[in-house]
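Printed here is data.pdb (PDB, C-alpha atoms):
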ATOM      1  CA  MET F   1     131.334  85.839 100.540  1.00  0.00           C
ATOM      2  CA  SER F   2     128.234  84.138  99.186  1.00  0.00           C
ATOM      3  CA  LYS F   3     128.294  80.533  98.075  1.00  0.00           C
ATOM      4  CA  VAL F   4     128.002  79.965  94.309  1.00  0.00           C
ATOM      5  CA  VAL F   5     126.795  76.484  93.389  1.00  0.00           C
ATOM      6  CA  ILE F   6     127.078  75.572  89.696  1.00  0.00           C
ATOM      7  CA  MET F   7     124.954  72.521  88.992  1.00  0.00           C
ATOM      8  CA  ASP F   8     126.754  69.475  87.635  1.00  0.00           C
ATOM      9  CA  HIS F   9     123.828  67.050  87.620  1.00  0.00           C
ATOM     10  CA  PRO F  10     123.521  65.250  84.257  1.00  0.00           C
ATOM     11  CA  LEU F  11     119.751  65.819  84.050  1.00  0.00           C
ATOM     12  CA  ILE F  12     120.161  69.569  84.543  1.00  0.00           C
ATOM     13  CA  GLN F  13     122.935  69.742  81.949  1.00  0.00           C
ATOM     14  CA  HIS F  14     120.886  67.739  79.455  1.00  0.00           C
ATOM     15  CA  LYS F  15     117.769  69.870  79.900  1.00  0.00           C
ATOM     16  CA  ILE F  16     119.703  73.144  79.647  1.00  0.00           C
ATOM     17  CA  GLY F  17     121.212  71.901  76.402  1.00  0.00           C
ATOM     18  CA  TYR F  18     117.699  71.283  75.103  1.00  0.00           C
ATOM     19  CA  ILE F  19     116.371  74.780  75.883  1.00  0.00           C
ATOM     20  CA  ARG F  20     119.414  76.428  74.309  1.00  0.00           C
ATOM     21  CA  ARG F  21     118.357  75.151  70.880  1.00  0.00           C
ATOM     22  CA  ILE F  22     116.765  77.741  68.636  1.00  0.00           C
ATOM     23  CA  ASP F  23     114.267  75.165  67.338  1.00  0.00           C
ATOM     24  CA  THR F  24     112.853  74.218  70.765  1.00  0.00           C
ATOM     25  CA  GLY F  25     109.243  75.413  70.683  1.00  0.00           C
ATOM     26  CA  THR F  26     107.376  77.432  73.310  1.00  0.00           C
ATOM     27  CA  LYS F  27     105.522  74.508  74.906  1.00  0.00           C
ATOM     28  CA  ASP F  28     108.623  72.354  75.336  1.00  0.00           C
ATOM     29  CA  PHE F  29     110.741  75.334  76.402  1.00  0.00           C
ATOM     30  CA  ARG F  30     108.236  76.329  79.094  1.00  0.00           C
ATOM     31  CA  GLN F  31     107.876  72.777  80.402  1.00  0.00           C
ATOM     32  CA  THR F  32     111.628  72.202  80.525  1.00  0.00           C
ATOM     33  CA  ILE F  33     112.260  75.499  82.332  1.00  0.00           C
ATOM     34  CA  GLY F  34     109.932  74.252  85.070  1.00  0.00           C
ATOM     35  CA  GLU F  35     111.705  70.893  85.239  1.00  0.00           C
ATOM     36  CA  ILE F  36     115.120  72.554  85.549  1.00  0.00           C
ATOM     37  CA  ALA F  37     113.798  74.887  88.269  1.00  0.00           C
ATOM     38  CA  MET F  38     112.582  71.889  90.257  1.00  0.00           C
ATOM     39  CA  LEU F  39     115.968  70.160  89.998  1.00  0.00           C
ATOM     40  CA  ILE F  40     117.874  73.318  91.006  1.00  0.00           C
ATOM     41  CA  CYS F  41     115.469  73.851  93.904  1.00  0.00           C
ATOM     42  CA  TYR F  42     116.259  70.346  95.144  1.00  0.00           C
ATOM     43  CA  GLU F  43     119.908  71.375  95.491  1.00  0.00           C
ATOM     44  CA  ALA F  44     119.149  74.875  96.800  1.00  0.00           C
ATOM     45  CA  THR F  45     117.086  73.513  99.700  1.00  0.00           C
ATOM     46  CA  ARG F  46     119.747  71.028 100.817  1.00  0.00           C
ATOM     47  CA  SER F  47     120.770  73.059 103.883  1.00  0.00           C
ATOM     48  CA  LEU F  48     117.359  74.170 105.133  1.00  0.00           C
ATOM     49  CA  PRO F  49     117.043  73.833 108.936  1.00  0.00           C
ATOM     50  CA  LEU F  50     115.188  70.836 110.348  1.00  0.00           C
ATOM     51  CA  SER F  51     113.649  70.065 113.716  1.00  0.00           C
ATOM     52  CA  GLU F  52     112.662  66.740 115.266  1.00  0.00           C
ATOM     53  CA  VAL F  53     109.027  65.962 116.051  1.00  0.00           C
ATOM     54  CA  GLU F  54     107.278  62.904 117.397  1.00  0.00           C
ATOM     55  CA  VAL F  55     104.693  61.189 115.174  1.00  0.00           C
ATOM     56  CA  THR F  56     102.729  57.966 115.303  1.00  0.00           C
ATOM     57  CA  THR F  57     103.183  55.479 112.480  1.00  0.00           C
ATOM     58  CA  PRO F  58     100.779  52.518 111.970  1.00  0.00           C
ATOM     59  CA  ILE F  59     103.286  50.541 114.061  1.00  0.00           C
ATOM     60  CA  CYS F  60     104.507  52.825 116.850  1.00  0.00           C
ATOM     61  CA  LYS F  61     105.604  56.290 117.861  1.00  0.00           C
ATOM     62  CA  THR F  62     108.842  57.598 116.366  1.00  0.00           C
ATOM     63  CA  THR F  63     110.838  60.775 115.865  1.00  0.00           C
ATOM     64  CA  VAL F  64     110.986  62.310 112.379  1.00  0.00           C
ATOM     65  CA  LYS F  65     112.489  65.453 110.896  1.00  0.00           C
ATOM     66  CA  GLU F  66     110.500  68.311 109.372  1.00  0.00           C
ATOM     67  CA  LEU F  67     111.340  71.763 108.088  1.00  0.00           C
ATOM     68  CA  ARG F  68     111.767  74.259 110.904  1.00  0.00           C
ATOM     69  CA  GLY F  69     110.327  77.751 111.035  1.00  0.00           C
ATOM     70  CA  LYS F  70     107.919  79.709 108.872  1.00  0.00           C
ATOM     71  CA  LYS F  71     108.634  77.683 105.738  1.00  0.00           C
ATOM     72  CA  MET F  72     109.343  79.347 102.403  1.00  0.00           C
ATOM     73  CA  ALA F  73     108.456  82.030  99.893  1.00  0.00           C
ATOM     74  CA  ILE F  74     109.165  81.999  96.171  1.00  0.00           C
ATOM     75  CA  VAL F  75     109.678  85.394  94.543  1.00  0.00           C
ATOM     76  CA  PRO F  76     109.953  85.373  90.752  1.00  0.00           C
ATOM     77  CA  ILE F  77     111.327  88.435  88.987  1.00  0.00           C
ATOM     78  CA  LEU F  78     108.684  89.279  86.378  1.00  0.00           C
ATOM     79  CA  ARG F  79     108.148  88.207  83.836  1.00  0.00           C
ATOM     80  CA  ALA F  80     110.565  85.406  82.966  1.00  0.00           C
ATOM     81  CA  GLY F  81     110.830  84.268  86.590  1.00  0.00           C
ATOM     82  CA  LEU F  82     107.206  83.107  86.401  1.00  0.00           C
ATOM     83  CA  GLY F  83     108.388  80.222  84.251  1.00  0.00           C
ATOM     84  CA  MET F  84     110.262  78.745  87.216  1.00  0.00           C
ATOM     85  CA  VAL F  85     107.517  79.023  89.858  1.00  0.00           C
ATOM     86  CA  ASP F  86     105.517  75.869  89.117  1.00  0.00           C
ATOM     87  CA  GLY F  87     108.639  73.733  89.132  1.00  0.00           C
ATOM     88  CA  VAL F  88     109.569  74.994  92.601  1.00  0.00           C
ATOM     89  CA  LEU F  89     105.981  74.629  93.853  1.00  0.00           C
ATOM     90  CA  ASN F  90     106.035  70.973  92.773  1.00  0.00           C
ATOM     91  CA  LEU F  91     108.644  70.444  95.502  1.00  0.00           C
ATOM     92  CA  ILE F  92     107.344  72.999  98.028  1.00  0.00           C
ATOM     93  CA  PRO F  93     103.567  73.200  97.483  1.00  0.00           C
ATOM     94  CA  ALA F  94     102.958  75.099 100.729  1.00  0.00           C
ATOM     95  CA  ALA F  95     105.303  77.956  99.787  1.00  0.00           C
ATOM     96  CA  LYS F  96     103.823  81.415  99.394  1.00  0.00           C
ATOM     97  CA  VAL F  97     104.549  83.325  96.191  1.00  0.00           C
ATOM     98  CA  GLY F  98     105.471  87.003  95.900  1.00  0.00           C
ATOM     99  CA  HIS F  99     106.210  88.964  92.726  1.00  0.00           C
ATOM    100  CA  ILE F 100     108.750  91.635  91.858  1.00  0.00           C
ATOM    101  CA  GLY F 101     108.398  93.451  88.543  1.00  0.00           C
ATOM    102  CA  LEU F 102     111.539  94.914  87.000  1.00  0.00           C
ATOM    103  CA  TYR F 103     112.525  95.671  83.436  1.00  0.00           C
ATOM    104  CA  ARG F 104     115.925  96.540  82.072  1.00  0.00           C
ATOM    105  CA  ASP F 105     116.317  99.980  80.518  1.00  0.00           C
ATOM    106  CA  PRO F 106     117.625  99.262  76.997  1.00  0.00           C
ATOM    107  CA  GLU F 107     119.963 102.256  77.092  1.00  0.00           C
ATOM    108  CA  THR F 108     121.487 102.067  80.582  1.00  0.00           C
ATOM    109  CA  LEU F 109     120.862  98.310  81.113  1.00  0.00           C
ATOM    110  CA  GLU F 110     119.836  99.255  84.678  1.00  0.00           C
ATOM    111  CA  PRO F 111     116.649  97.870  86.297  1.00  0.00           C
ATOM    112  CA  VAL F 112     113.460  99.896  86.639  1.00  0.00           C
ATOM    113  CA  GLU F 113     110.886  98.750  89.238  1.00  0.00           C
ATOM    114  CA  TYR F 114     107.205  98.628  88.303  1.00  0.00           C
ATOM    115  CA  TYR F 115     105.639  96.119  90.735  1.00  0.00           C
ATOM    116  CA  CYS F 116     106.245  94.523  94.144  1.00  0.00           C
ATOM    117  CA  LYS F 117     103.778  92.327  96.046  1.00  0.00           C
ATOM    118  CA  LEU F 118     105.071  90.019  98.773  1.00  0.00           C
ATOM    119  CA  PRO F 119     103.504  87.727 101.397  1.00  0.00           C
ATOM    120  CA  ALA F 120     102.776  89.678 104.586  1.00  0.00           C
ATOM    121  CA  ASP F 121     105.137  87.462 106.609  1.00  0.00           C
ATOM    122  CA  CYS F 122     107.837  87.310 103.946  1.00  0.00           C
ATOM    123  CA  ALA F 123     110.488  88.627 106.346  1.00  0.00           C
ATOM    124  CA  GLU F 124     110.048  85.501 108.494  1.00  0.00           C
ATOM    125  CA  ARG F 125     110.460  83.051 105.604  1.00  0.00           C
ATOM    126  CA  GLU F 126     113.286  81.477 103.647  1.00  0.00           C
ATOM    127  CA  VAL F 127     112.985  83.436 100.398  1.00  0.00           C
ATOM    128  CA  PHE F 128     113.965  81.965  97.041  1.00  0.00           C
ATOM    129  CA  VAL F 129     114.291  84.582  94.307  1.00  0.00           C
ATOM    130  CA  VAL F 130     114.009  83.007  90.848  1.00  0.00           C
ATOM    131  CA  ASP F 131     114.900  84.311  87.397  1.00  0.00           C
ATOM    132  CA  PRO F 132     116.061  82.142  84.476  1.00  0.00           C
ATOM    133  CA  MET F 133     118.877  84.485  83.422  1.00  0.00           C
ATOM    134  CA  LEU F 134     121.507  86.276  85.506  1.00  0.00           C
ATOM    135  CA  ALA F 135     123.063  88.602  82.926  1.00  0.00           C
ATOM    136  CA  THR F 136     124.348  91.958  84.176  1.00  0.00           C
ATOM    137  CA  GLY F 137     122.957  91.171  87.634  1.00  0.00           C
ATOM    138  CA  GLY F 138     121.194  94.528  87.794  1.00  0.00           C
ATOM    139  CA  SER F 139     117.625  93.255  88.089  1.00  0.00           C
ATOM    140  CA  SER F 140     118.487  90.457  90.495  1.00  0.00           C
ATOM    141  CA  ALA F 141     120.549  92.727  92.747  1.00  0.00           C
ATOM    142  CA  ALA F 142     117.737  95.296  92.750  1.00  0.00           C
ATOM    143  CA  ALA F 143     115.108  92.663  93.588  1.00  0.00           C
ATOM    144  CA  ILE F 144     117.146  91.389  96.526  1.00  0.00           C
ATOM    145  CA  ARG F 145     117.706  94.951  97.706  1.00  0.00           C
ATOM    146  CA  MET F 146     113.912  95.456  97.718  1.00  0.00           C
ATOM    147  CA  LEU F 147     113.457  92.276  99.767  1.00  0.00           C
ATOM    148  CA  LYS F 148     116.057  93.368 102.310  1.00  0.00           C
ATOM    149  CA  GLU F 149     114.350  96.746 102.627  1.00  0.00           C
ATOM    150  CA  LYS F 150     111.188  94.848 103.601  1.00  0.00           C
ATOM    151  CA  GLY F 151     113.019  92.932 106.322  1.00  0.00           C
ATOM    152  CA  CYS F 152     113.885  89.667 104.545  1.00  0.00           C
ATOM    153  CA  LYS F 153     117.092  88.138 105.877  1.00  0.00           C
ATOM    154  CA  LYS F 154     117.230  84.551 104.595  1.00  0.00           C
ATOM    155  CA  ILE F 155     117.444  85.031 100.838  1.00  0.00           C
ATOM    156  CA  HIS F 156     118.625  82.590  98.178  1.00  0.00           C
ATOM    157  CA  PHE F 157     118.869  83.168  94.429  1.00  0.00           C
ATOM    158  CA  MET F 158     118.213  80.565  91.736  1.00  0.00           C
ATOM    159  CA  CYS F 159     118.817  80.954  88.014  1.00  0.00           C
ATOM    160  CA  ILE F 160     119.232  78.630  85.056  1.00  0.00           C
ATOM    161  CA  ILE F 161     122.005  80.421  83.148  1.00  0.00           C
ATOM    162  CA  ALA F 162     124.418  83.047  84.484  1.00  0.00           C
ATOM    163  CA  ALA F 163     127.189  85.234  83.076  1.00  0.00           C
ATOM    164  CA  PRO F 164     130.357  85.848  85.104  1.00  0.00           C
ATOM    165  CA  GLU F 165     129.531  89.564  85.182  1.00  0.00           C
ATOM    166  CA  GLY F 166     126.189  88.877  86.883  1.00  0.00           C
ATOM    167  CA  ILE F 167     127.700  86.610  89.499  1.00  0.00           C
ATOM    168  CA  ALA F 168     130.411  89.180  90.256  1.00  0.00           C
ATOM    169  CA  ARG F 169     127.827  91.930  90.742  1.00  0.00           C
ATOM    170  CA  MET F 170     125.643  89.789  92.983  1.00  0.00           C
ATOM    171  CA  GLN F 171     128.616  88.822  95.144  1.00  0.00           C
ATOM    172  CA  GLN F 172     129.679  92.449  95.393  1.00  0.00           C
ATOM    173  CA  GLU F 173     126.249  93.825  96.309  1.00  0.00           C
ATOM    174  CA  HIS F 174     124.842  90.850  98.242  1.00  0.00           C
ATOM    175  CA  PRO F 175     127.667  88.763  99.701  1.00  0.00           C
ATOM    176  CA  ASP F 176     125.184  87.168 102.121  1.00  0.00           C
ATOM    177  CA  VAL F 177     122.987  85.629  99.394  1.00  0.00           C
ATOM    178  CA  ASP F 178     123.870  82.169  98.066  1.00  0.00           C
ATOM    179  CA  LEU F 179     123.562  81.618  94.313  1.00  0.00           C
ATOM    180  CA  TYR F 180     122.345  78.395  92.698  1.00  0.00           C
ATOM    181  CA  VAL F 181     123.139  78.352  88.981  1.00  0.00           C
ATOM    182  CA  GLY F 182     122.230  75.779  86.340  1.00  0.00           C
ATOM    183  CA  ALA F 183     125.064  76.723  83.982  1.00  0.00           C
ATOM    184  CA  LEU F 184     127.781  79.381  83.967  1.00  0.00           C
ATOM    185  CA  ASP F 185     128.230  80.813  80.468  1.00  0.00           C
ATOM    186  CA  GLU F 186     131.108  82.644  78.817  1.00  0.00           C
ATOM    187  CA  LYS F 187     130.268  86.354  78.866  1.00  0.00           C
ATOM    188  CA  LEU F 188     127.810  89.129  77.968  1.00  0.00           C
ATOM    189  CA  ASN F 189     127.655  90.582  74.477  1.00  0.00           C
ATOM    190  CA  ASP F 190     127.447  94.311  73.665  1.00  0.00           C
ATOM    191  CA  HIS F 191     123.656  94.236  74.177  1.00  0.00           C
ATOM    192  CA  GLY F 192     123.873  92.669  77.638  1.00  0.00           C
ATOM    193  CA  TYR F 193     122.752  89.216  76.482  1.00  0.00           C
ATOM    194  CA  ILE F 194     124.419  86.065  77.780  1.00  0.00           C
ATOM    195  CA  VAL F 195     126.695  84.228  75.318  1.00  0.00           C
ATOM    196  CA  PRO F 196     125.992  81.502  74.261  1.00  0.00           C
ATOM    197  CA  GLY F 197     122.822  81.753  76.374  1.00  0.00           C
ATOM    198  CA  LEU F 198     119.406  80.930  74.964  1.00  0.00           C
ATOM    199  CA  GLY F 199     118.034  84.281  73.803  1.00  0.00           C
ATOM    200  CA  ASP F 200     115.299  86.162  75.655  1.00  0.00           C
ATOM    201  CA  ALA F 201     113.883  83.734  78.243  1.00  0.00           C
ATOM    202  CA  GLY F 202     110.643  85.689  78.699  1.00  0.00           C
ATOM    203  CA  ASP F 203     109.893  85.735  74.975  1.00  0.00           C
ATOM    204  CA  ARG F 204     110.626  82.032  74.675  1.00  0.00           C
ATOM    205  CA  ILE F 205     108.540  81.060  77.738  1.00  0.00           C
ATOM    206  CA  PHE F 206     105.493  83.071  76.699  1.00  0.00           C
ATOM    207  CA  GLY F 207     105.836  82.873  72.914  1.00  0.00           C
ATOM    208  CA  THR F 208     105.990  86.622  72.432  1.00  0.00           C
ATOM    209  CA  LYS F 209     108.628  86.635  69.717  1.00  0.00           C
TER     210      LYS F 209
END

Would you mind giving the structure from this file in structure tokens?
Amino acid sequence: MSKVVIMDHPLIQHKIGYIRRIDTGTKDFRQTIGEIAMLICYEATRSLPLSEVEVTTPICKTTVKELRGKKMAIVPILRAGLGMVDGVLNLIPAAKVGHIGLYRDPETLEPVEYYCKLPADCAEREVFVVDPMLATGGSSAAAIRMLKEKGCKKIHFMCIIAAPEGIARMQQEHPDVDLYVGALDEKLNDHGYIVPGLGDAGDRIFGTK
């Protein structure tokens, strides 16, 4: 079964409390989403594999550790996932960025794909899928399914707020993908929104409502 890590860091909790507020404006909301993404990424990368290499310091030669392998890819689920990309890139500036476009059918609440563009060597990278909200889990599960179909094997999922229903679906459909969650909320309402949540993350990031 996948690992589910619920963040307990005081800075993450404080910043999530700030973006929940209805009176937090677009600029501050967008900036704080990026800050939270960076803090969650710090935890999500804790177990990345390292290798030892020899370097020369101004004093002498020594052995240091560096990330092993083909490095990383960040794959936001459009459009709200875009709000998390810069925060992750602040920590991993050499990461490549792919994009998966999905929207949720308002009647069935199931995801509909409209775009997918990934780095050519994505299958060889540690892939971090990012989306601020894990509600029903439909879009996230579909995005990870698309990545697996393209050969990706090392996949991690990061979100800021999750509902229990979304976590359950992800664990059922992708038990090999670890989940890194800023806050676990109470439930989904009848419209598939997280309660208490923070509203529509995409609208609040881009100021479209």

Which residues of region 92-204 of chain F come within 8 Å of region 5-10 of chain F, and for each one, what is the closest pair of atoms and their distance in Å to one decimal, counting all atoms listed in the file, sorted by chain and residue number, as a Markdown table?
| residue | atom | partner | partner_atom | distance |
| --- | --- | --- | --- | --- |
| F:Asp178 | CA | F:Val5 | CA | 7.9 |
| F:Leu179 | CA | F:Val5 | CA | 6.1 |
| F:Tyr180 | CA | F:Val5 | CA | 4.9 |
| F:Val181 | CA | F:Ile6 | CA | 4.9 |
| F:Gly182 | CA | F:Met7 | CA | 5.0 |
| F:Ala183 | CA | F:Ile6 | CA | 6.2 |
| F:Leu184 | CA | F:Ile6 | CA | 6.9 |

F:Lys61, F:Gly83, F:Tyr115, F:Ala162: which is nearest Lys27 (chain F), counting all atoms listed in the file?
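Nearest to Lys27 (chain F): F:Gly83.
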
Between F:Met146, F:Leu198, F:Val112, F:Leu188, which residue has the minimum interatomic distance to Asp23 (chain F), considering all atoms listed in the file?
F:Leu198

Here's the selection I'm unsure about, the PyMOL selection byres ((chain F and resi 153) around 10); applied to the file above, which residues does it give, as a count of residues only?
18

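Here the question is which of F:Asp200, F:Asp121, F:Glu165, F:Asp105 gets nearest to Lys71 (chain F) using only C-alpha atoms, and that residue is F:Asp121.
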
Repair of region 140-160 of chain F at the level of N, CA, C and O atoms, as a short mmCIF file (atom, residue, chain, number, x, y, z; two decimals), in the coordinates of the input:
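Result went into selection.cif, see below:
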data_model
loop_
_atom_site.label_atom_id
_atom_site.label_comp_id
_atom_site.auth_asym_id
_atom_site.auth_seq_id
_atom_site.Cartn_x
_atom_site.Cartn_y
_atom_site.Cartn_z
N SER F 140 118.45 91.36 89.35
CA SER F 140 118.49 90.46 90.50
C SER F 140 118.98 91.18 91.74
O SER F 140 118.41 91.02 92.83
N ALA F 141 120.03 91.98 91.60
CA ALA F 141 120.55 92.73 92.75
C ALA F 141 119.51 93.71 93.26
O ALA F 141 119.34 93.88 94.48
N ALA F 142 118.77 94.35 92.35
CA ALA F 142 117.74 95.30 92.75
C ALA F 142 116.59 94.59 93.47
O ALA F 142 116.07 95.08 94.48
N ALA F 143 116.19 93.42 92.96
CA ALA F 143 115.11 92.66 93.59
C ALA F 143 115.49 92.26 95.01
O ALA F 143 114.68 92.38 95.95
N ILE F 144 116.71 91.80 95.19
CA ILE F 144 117.15 91.39 96.53
C ILE F 144 117.26 92.60 97.44
O ILE F 144 116.92 92.52 98.64
N ARG F 145 117.66 93.73 96.90
CA ARG F 145 117.71 94.95 97.71
C ARG F 145 116.30 95.32 98.19
O ARG F 145 116.12 95.72 99.35
N MET F 146 115.30 95.17 97.33
CA MET F 146 113.91 95.46 97.72
C MET F 146 113.46 94.52 98.84
O MET F 146 112.78 94.93 99.79
N LEU F 147 113.84 93.24 98.74
CA LEU F 147 113.46 92.28 99.77
C LEU F 147 114.11 92.62 101.11
O LEU F 147 113.46 92.54 102.16
N LYS F 148 115.37 93.01 101.07
CA LYS F 148 116.06 93.37 102.31
C LYS F 148 115.43 94.60 102.94
O LYS F 148 115.31 94.69 104.17
N GLU F 149 115.00 95.54 102.11
CA GLU F 149 114.35 96.75 102.63
C GLU F 149 113.04 96.42 103.33
O GLU F 149 112.58 97.16 104.19
N LYS F 150 112.44 95.27 102.97
CA LYS F 150 111.19 94.85 103.60
C LYS F 150 111.44 93.86 104.74
O LYS F 150 110.52 93.19 105.21
N GLY F 151 112.69 93.72 105.14
CA GLY F 151 113.02 92.93 106.32
C GLY F 151 113.44 91.50 106.08
O GLY F 151 113.71 90.77 107.04
N CYS F 152 113.50 91.06 104.83
CA CYS F 152 113.88 89.67 104.54
C CYS F 152 115.38 89.48 104.82
O CYS F 152 116.20 90.31 104.42
N LYS F 153 115.70 88.39 105.50
CA LYS F 153 117.09 88.14 105.88
C LYS F 153 117.63 86.84 105.29
O LYS F 153 118.82 86.73 105.02
N LYS F 154 116.79 85.85 105.11
CA LYS F 154 117.23 84.55 104.60
C LYS F 154 116.84 84.47 103.12
O LYS F 154 115.74 84.03 102.77
N ILE F 155 117.74 84.93 102.27
CA ILE F 155 117.44 85.03 100.84
C ILE F 155 118.40 84.15 100.04
O ILE F 155 119.60 84.13 100.30
N HIS F 156 117.84 83.42 99.09
CA HIS F 156 118.62 82.59 98.18
C HIS F 156 118.24 82.98 96.76
O HIS F 156 117.11 83.42 96.51
N PHE F 157 119.16 82.81 95.82
CA PHE F 157 118.87 83.17 94.43
C PHE F 157 119.10 81.96 93.53
O PHE F 157 120.13 81.29 93.63
N MET F 158 118.12 81.69 92.67
CA MET F 158 118.21 80.56 91.74
C MET F 158 118.06 81.06 90.30
O MET F 158 117.13 81.82 90.00
N CYS F 159 118.96 80.64 89.44
CA CYS F 159 118.82 80.95 88.01
C CYS F 159 119.25 79.75 87.19
O CYS F 159 119.90 78.82 87.70
N ILE F 160 118.90 79.76 85.93
CA ILE F 160 119.23 78.63 85.06
C ILE F 160 120.55 78.87 84.33
O ILE F 160 121.39 77.98 84.25
#
